[in-house]
file entry_22.cif (mmCIF, C-alpha atoms)
data_upload
loop_
_atom_site.label_atom_id
_atom_site.label_comp_id
_atom_site.auth_asym_id
_atom_site.auth_seq_id
_atom_site.Cartn_x
_atom_site.Cartn_y
_atom_site.Cartn_z
CA MET L 21 0.00 0.00 0.00
CA LYS L 22 2.75 2.40 0.98
CA LYS L 23 4.63 1.54 -2.20
CA SER L 24 1.56 2.45 -4.26
CA ILE L 25 1.19 5.76 -2.44
CA TYR L 26 4.87 6.60 -3.03
CA LEU L 27 4.53 5.73 -6.71
CA LEU L 28 1.43 7.90 -6.97
CA LEU L 29 3.15 10.83 -5.26
CA ALA L 30 6.17 10.42 -7.53
CA TRP L 31 3.93 10.41 -10.59
CA VAL L 32 2.16 13.58 -9.41
CA ALA L 33 5.50 15.30 -8.78
CA VAL L 34 6.83 14.38 -12.22
CA SER L 35 3.60 15.50 -13.87
CA PHE L 36 3.69 18.82 -11.99
CA PHE L 37 7.32 19.37 -13.00
CA ALA L 38 6.53 18.63 -16.64
CA VAL L 39 3.60 21.06 -16.65
CA SER L 40 5.72 23.71 -14.93
CA CYS L 41 8.46 23.33 -17.53
CA ASN L 42 5.96 23.57 -20.36
CA ASN L 43 4.53 26.78 -18.87
CA THR L 44 7.94 28.43 -18.44
CA THR L 45 8.73 31.02 -21.10
CA THR L 46 12.42 31.07 -21.89
CA PHE L 47 14.49 33.93 -23.29
CA ALA L 48 14.73 31.96 -26.52
CA ASP L 49 10.92 31.83 -26.63
CA LEU L 50 10.71 35.59 -26.16
CA LYS L 51 13.22 36.22 -28.96
CA LYS L 52 11.33 33.84 -31.24
CA ALA L 53 8.08 35.71 -30.49
CA GLU L 54 9.82 39.02 -31.21
CA ARG L 55 11.07 37.78 -34.57
CA ALA L 56 7.58 36.51 -35.44
CA ALA L 57 6.04 39.90 -34.57
CA VAL L 58 8.53 41.73 -36.80
CA THR L 59 7.97 39.32 -39.68
CA ALA L 60 4.19 39.68 -39.36
CA PHE L 61 4.48 43.48 -39.40
CA LEU L 62 6.66 43.42 -42.52
CA THR L 63 4.15 41.19 -44.28
CA GLU L 64 1.04 43.04 -43.11
CA HIS L 65 2.38 46.40 -44.29
CA ASN L 66 3.92 45.13 -47.55
CA ILE L 67 7.36 46.41 -46.56
CA LYS L 68 10.11 45.88 -49.10
CA VAL L 69 13.37 45.18 -47.31
CA ILE L 70 16.56 46.34 -49.01
CA THR L 71 20.19 45.68 -48.11
CA PRO L 72 22.69 48.30 -46.91
CA GLU L 73 24.47 47.86 -50.24
CA GLN L 74 21.29 48.83 -52.10
CA PHE L 75 20.74 51.69 -49.68
CA PHE L 76 24.20 53.15 -50.28
CA ALA L 77 23.92 52.58 -54.04
CA ASN L 78 20.74 54.70 -53.93
CA ASP L 79 22.60 57.59 -52.27
CA THR L 80 21.37 56.55 -48.80
CA THR L 81 17.70 56.90 -49.66
CA THR L 82 14.70 54.60 -49.34
CA ASP L 83 11.87 54.69 -51.87
CA VAL L 84 8.79 55.54 -49.83
CA SER L 85 6.48 54.88 -52.80
CA LYS L 86 7.68 51.26 -52.68
CA ASN L 87 7.60 51.23 -48.87
CA GLU L 88 11.30 50.39 -48.70
CA TYR L 89 13.11 49.88 -45.41
CA VAL L 90 16.82 49.15 -45.18
CA LEU L 91 17.82 46.43 -42.73
CA PHE L 92 21.06 46.94 -40.82
CA ASN L 93 22.15 43.43 -39.90
CA ASP L 94 24.57 44.53 -37.20
CA ASN L 95 21.79 45.86 -34.97
CA GLY L 96 18.59 44.47 -36.52
CA VAL L 97 17.09 47.93 -37.09
CA TYR L 98 14.93 48.56 -40.15
CA MET L 99 14.89 52.18 -41.35
CA GLN L 100 12.83 54.16 -43.83
CA ILE L 101 13.86 57.74 -44.54
CA VAL L 102 10.75 59.73 -45.35
CA ARG L 103 12.56 63.09 -45.50
CA LYS L 104 16.29 63.71 -45.14
CA GLY L 105 15.72 67.26 -43.98
CA GLU L 106 18.14 70.11 -44.58
CA GLY L 107 20.82 72.04 -42.71
CA LEU L 108 23.66 70.31 -40.89
CA ARG L 109 24.69 67.03 -39.36
CA VAL L 110 26.21 66.25 -36.00
CA ALA L 111 29.89 66.54 -36.92
CA ASP L 112 32.53 64.20 -35.58
CA GLY L 113 33.66 65.23 -32.13
CA THR L 114 30.67 67.47 -31.48
CA SER L 115 27.33 67.38 -29.68
CA ARG L 116 24.04 68.94 -30.77
CA LYS L 117 20.72 69.57 -29.10
CA VAL L 118 18.05 67.74 -31.08
CA LEU L 119 14.29 68.10 -30.72
CA CYS L 120 12.36 64.91 -31.36
CA ARG L 121 8.70 64.05 -31.83
CA TYR L 122 7.77 60.39 -31.92
CA LYS L 123 5.07 57.76 -32.06
CA GLU L 124 5.75 54.29 -30.64
CA TYR L 125 3.79 51.25 -31.82
CA ASN L 126 4.23 47.91 -30.04
CA LEU L 127 4.49 45.15 -32.66
CA GLN L 128 3.33 42.45 -30.25
CA SER L 129 0.32 44.16 -28.66
CA LYS L 130 -0.39 45.96 -31.96
CA ASP L 131 -1.10 49.20 -30.16
CA THR L 132 0.35 52.70 -29.94
CA THR L 133 2.01 52.68 -26.54
CA ALA L 134 3.64 56.12 -26.41
CA ALA L 135 3.71 59.39 -28.33
CA ASN L 136 4.44 63.08 -27.92
CA THR L 137 2.74 64.21 -31.13
CA TYR L 138 -0.54 65.34 -29.60
CA SER L 139 0.53 68.98 -29.42
CA SER L 140 3.09 71.04 -31.32
CA SER L 141 4.29 72.42 -27.99
CA ILE L 142 5.28 68.98 -26.71
CA VAL L 143 8.74 67.82 -27.71
CA ASP L 144 11.47 65.59 -26.35
CA VAL L 145 14.93 67.12 -26.13
CA MET L 146 18.13 65.13 -26.40
CA MET L 147 21.84 65.82 -26.67
CA VAL L 148 23.34 63.81 -29.51
CA LYS L 149 27.09 63.15 -29.60
CA ASN L 150 29.17 61.90 -32.53
CA GLU L 151 32.40 60.17 -31.58
CA SER L 152 34.23 58.91 -34.68
CA GLY L 153 30.97 57.97 -36.36
CA THR L 154 29.40 56.40 -33.27
CA TYR L 155 26.30 58.31 -32.18
CA SER L 156 24.83 58.35 -28.69
CA GLY L 157 22.12 60.41 -27.08
CA THR L 158 20.87 61.56 -23.70
CA PHE L 159 17.34 62.76 -23.02
CA THR L 160 17.30 66.05 -21.13
CA LYS L 161 13.60 66.87 -21.31
CA GLY L 162 10.32 65.34 -22.38
CA THR L 163 8.15 62.25 -22.01
CA MET L 164 10.93 59.70 -22.54
CA VAL L 165 12.97 60.86 -19.54
CA SER L 166 10.69 58.99 -17.15
CA GLY L 167 11.87 55.70 -18.71
CA GLY L 168 15.55 56.58 -18.50
CA THR L 169 17.81 59.28 -19.87
CA GLN L 170 19.65 57.12 -22.41
CA VAL L 171 18.30 57.49 -25.95
CA PRO L 172 17.65 54.06 -27.53
CA THR L 173 20.54 53.10 -29.79
CA GLY L 174 18.01 52.35 -32.52
CA TRP L 175 17.01 56.02 -32.60
CA MET L 176 20.61 56.95 -33.41
CA VAL L 177 20.75 54.83 -36.57
CA PRO L 178 19.37 57.60 -38.87
CA MET L 179 21.81 60.27 -37.67
CA PRO L 180 24.53 59.79 -40.34
CA TYR L 181 21.92 60.05 -43.12
CA ILE L 182 19.73 63.02 -42.14
CA TRP L 183 20.13 66.79 -41.87
CA LEU L 184 19.04 68.96 -38.96
CA SER L 185 17.52 72.42 -39.15
CA ARG L 186 14.79 74.61 -37.67
CA ASN L 187 12.76 74.57 -40.90
CA LEU L 188 9.63 72.68 -39.85
CA ALA L 189 8.46 72.48 -43.46
CA ASN L 190 11.36 70.16 -44.25
CA VAL L 191 12.24 68.59 -40.92
CA ALA L 192 13.96 65.18 -41.06
CA LYS L 193 11.49 62.31 -40.72
CA VAL L 194 12.15 58.58 -40.42
CA ARG L 195 10.37 55.35 -39.59
CA LEU L 196 12.10 52.58 -37.70
CA ILE L 197 11.50 49.01 -36.64
CA VAL L 198 13.60 48.63 -33.51
CA PRO L 199 14.29 45.24 -31.91
CA TYR L 200 14.37 44.99 -28.12
CA SER L 201 18.18 45.03 -28.07
CA ALA L 202 18.29 48.53 -29.61
CA GLY L 203 15.18 49.85 -27.89
CA THR L 204 14.12 51.52 -24.68
CA GLN L 205 14.78 50.08 -21.24
CA THR L 206 11.19 48.84 -21.15
CA ALA L 207 11.58 47.12 -24.51
CA MET L 208 14.82 45.46 -23.42
CA GLN L 209 13.25 44.19 -20.21
CA SER L 210 10.21 42.74 -22.01
CA VAL L 211 11.99 41.66 -25.23
CA THR L 212 9.56 43.78 -27.26
CA PRO L 213 10.04 45.17 -30.78
CA ASN L 214 8.57 48.58 -31.63
CA TRP L 215 7.85 50.61 -34.74
CA TYR L 216 8.58 54.33 -34.54
CA GLU L 217 7.79 57.39 -36.59
CA LEU L 218 10.26 60.12 -35.64
CA THR L 219 11.08 63.66 -36.61
CA PHE L 220 14.40 65.29 -35.75
CA GLU L 221 14.81 69.07 -35.55
CA LEU L 222 17.84 71.16 -34.64
CA GLY L 223 17.59 72.57 -31.13
CA ILE L 224 18.71 76.02 -30.05
#

call {"tool": "encode", "arguments": {"input": "entry_22.cif", "output": "structure tokens"}}
result
Amino acid sequence: MKKSIYLLLAWVAVSFFAVSCNNTTTFADLKKAERAAVTAFLTEHNIKVITPEQFFANDTTTDVSKNEYVLFNDNGVYMQIVRKGEGLRVADGTSRKVLCRYKEYNLQSKDTTAANTYSSSIVDVMMVKNESGTYSGTFTKGTMVSGGTQVPTGWMVPMPYIWLSRNLANVAKVRLIVPYSAGTQTAMQSVTPNWYELTFELGI
């Protein structure tokens, strides 16, 4: 009798362990789900992905009429340049104040999760630094500061290819698909990819 009870308890324990393992989401599972969300977004929106080689051959432009995005394999960021803007760039060894308006769309929940485009008076301010072609940014004001002062590395990808000015009629505008690894602190913690529409304007 005791032997039967022990066998039963052992069977229950093994079954519980198996169920627990099956219900555990691993980091690999999260990355797989992220990749699936990005792929679904590309398909749903008929996005034509081009290589960096094609991008540079086209004078660092993307054809918006064909809904082209260039994929940078080193960081997994997809970028579409809607407008290059005019004015100046952040020169090597310098920093510039940049005003940014953005819309963030979560590719997994399929919902707009953050934006500062509701009013022309609302803007996020960041200091962008160029060190030998490597761009980094720090938020100094705006809605993004609450999530951390470091600008997502994905947001810095367009910097070598756009121009900054105060002319709002021709302000630089880009669209990005940013994987968790190049995203905000929240995105990195949740392994979440986001789509962004961003404008970059020269600050005073």

call {"tool": "residues_around", "arguments": {"input": "entry_22.cif", "residues": "L:Met146", "least_positions_apart": "6", "cutoff": "8 Å", "atoms": "only C-alpha atoms", "output": "compact mmCIF listing (two decimals) with C-alpha atoms, in the coordinates of the input"}}
result
# COMPACT_ATOMS: atom_id res chain seq x y z
CA LYS L 117 20.72 69.57 -29.10
CA VAL L 118 18.05 67.74 -31.08
CA LEU L 119 14.29 68.10 -30.72
CA CYS L 120 12.36 64.91 -31.36
CA GLY L 157 22.12 60.41 -27.08
CA THR L 158 20.87 61.56 -23.70
CA PHE L 159 17.34 62.76 -23.02
CA THR L 160 17.30 66.05 -21.13
CA LYS L 161 13.60 66.87 -21.31
CA VAL L 171 18.30 57.49 -25.95

call {"tool": "closest_residue", "arguments": {"input": "entry_22.cif", "among": "L:Gly162, L:Pro180, L:Pro72, L:Pro199", "to": "L:Gly96", "atoms": "only C-alpha atoms"}}
result
L:Pro199

call {"tool": "atom_distance", "arguments": {"input": "entry_22.cif", "atom1": "atom CA of L:Phe76", "atom2": "atom CA of L:Val58"}}
result
23.6 Å

call {"tool": "resolve_selection", "arguments": {"input": "entry_22.cif", "expression": "the PyMOL selection byres ((chain L and resi 89) around 9)", "output": "list in words"}}
result
Ile67, Lys68, Val69, Ile70, Thr71, Phe75, Thr82, Asp83, Val84, Asn87, Glu88, Val90, Leu91, Tyr98, Met99, Gln100, Ile101, Arg195, Leu196 and Ile197 of chain L

call {"tool": "atom_distance", "arguments": {"input": "entry_22.cif", "atom1": "atom CA of L:Tyr181", "atom2": "atom CA of L:Asn66"}}
result
23.8 Å

call {"tool": "atom_distance", "arguments": {"input": "entry_22.cif", "atom1": "atom CA of L:Gln170", "atom2": "atom CA of L:Thr80"}}
result
26.5 Å

call {"tool": "residues_near_point", "arguments": {"input": "entry_22.cif", "point": "(10.1, 62.8, -41.3)", "cutoff": "8 Å", "atoms": "all atoms listed in the file", "output": "PyMOL selection string"}}
result
chain L and resi 101-105+191-195+217-220

call {"tool": "closest_residue", "arguments": {"input": "entry_22.cif", "among": "L:Glu106, L:Glu124, L:Asp112, L:Asp131", "to": "L:Asn187", "atoms": "only C-alpha atoms"}}
result
L:Glu106

call {"tool": "closest_residue", "arguments": {"input": "entry_22.cif", "among": "L:Gly107, L:Thr81, L:Ile224, L:Thr114", "to": "L:Asn190", "atoms": "all atoms listed in the file"}}
result
L:Gly107

call {"tool": "decode", "arguments": {"input": "entry_22.cif", "residues": "stretch 197-209 of chain L", "atoms": "N, CA, C and O atoms", "output": "short mmCIF file (atom, residue, chain, number, x, y, z; two decimals), in the first residue's frame"}}
result
data_model
loop_
_atom_site.label_atom_id
_atom_site.label_comp_id
_atom_site.auth_asym_id
_atom_site.auth_seq_id
_atom_site.Cartn_x
_atom_site.Cartn_y
_atom_site.Cartn_z
N ILE L 197 11.89 50.20 -37.38
CA ILE L 197 11.50 49.01 -36.64
C ILE L 197 12.69 48.68 -35.76
O ILE L 197 13.79 48.40 -36.26
N VAL L 198 12.48 48.74 -34.46
CA VAL L 198 13.60 48.63 -33.51
C VAL L 198 13.43 47.36 -32.66
O VAL L 198 12.45 47.24 -31.93
N PRO L 199 14.37 46.42 -32.76
CA PRO L 199 14.29 45.24 -31.91
C PRO L 199 14.57 45.61 -30.45
O PRO L 199 15.09 46.69 -30.17
N TYR L 200 14.22 44.70 -29.56
CA TYR L 200 14.37 44.99 -28.12
C TYR L 200 15.79 45.42 -27.78
O TYR L 200 16.00 46.30 -26.94
N SER L 201 16.78 44.79 -28.42
CA SER L 201 18.18 45.03 -28.07
C SER L 201 18.65 46.44 -28.39
O SER L 201 19.67 46.90 -27.86
N ALA L 202 17.93 47.15 -29.26
CA ALA L 202 18.29 48.53 -29.61
C ALA L 202 17.21 49.50 -29.17
O ALA L 202 17.17 50.66 -29.61
N GLY L 203 16.33 49.04 -28.29
CA GLY L 203 15.18 49.85 -27.89
C GLY L 203 15.31 50.50 -26.52
O GLY L 203 16.40 50.64 -25.98
N THR L 204 14.17 50.89 -25.99
CA THR L 204 14.12 51.52 -24.68
C THR L 204 14.40 50.50 -23.58
O THR L 204 14.43 49.28 -23.83
N GLN L 205 14.57 50.98 -22.36
CA GLN L 205 14.78 50.08 -21.24
C GLN L 205 13.60 49.14 -21.06
O GLN L 205 13.77 47.95 -20.77
N THR L 206 12.40 49.67 -21.26
CA THR L 206 11.19 48.84 -21.15
C THR L 206 11.18 47.75 -22.20
O THR L 206 10.85 46.59 -21.91
N ALA L 207 11.54 48.10 -23.43
CA ALA L 207 11.58 47.12 -24.51
C ALA L 207 12.62 46.04 -24.24
O ALA L 207 12.38 44.85 -24.49
N MET L 208 13.77 46.44 -23.71
CA MET L 208 14.82 45.46 -23.42
C MET L 208 14.39 44.50 -22.31
O MET L 208 14.68 43.30 -22.37
N GLN L 209 13.69 45.03 -21.33
CA GLN L 209 13.25 44.19 -20.21
C GLN L 209 12.17 43.19 -20.64
O GLN L 209 12.12 42.07 -20.14
#
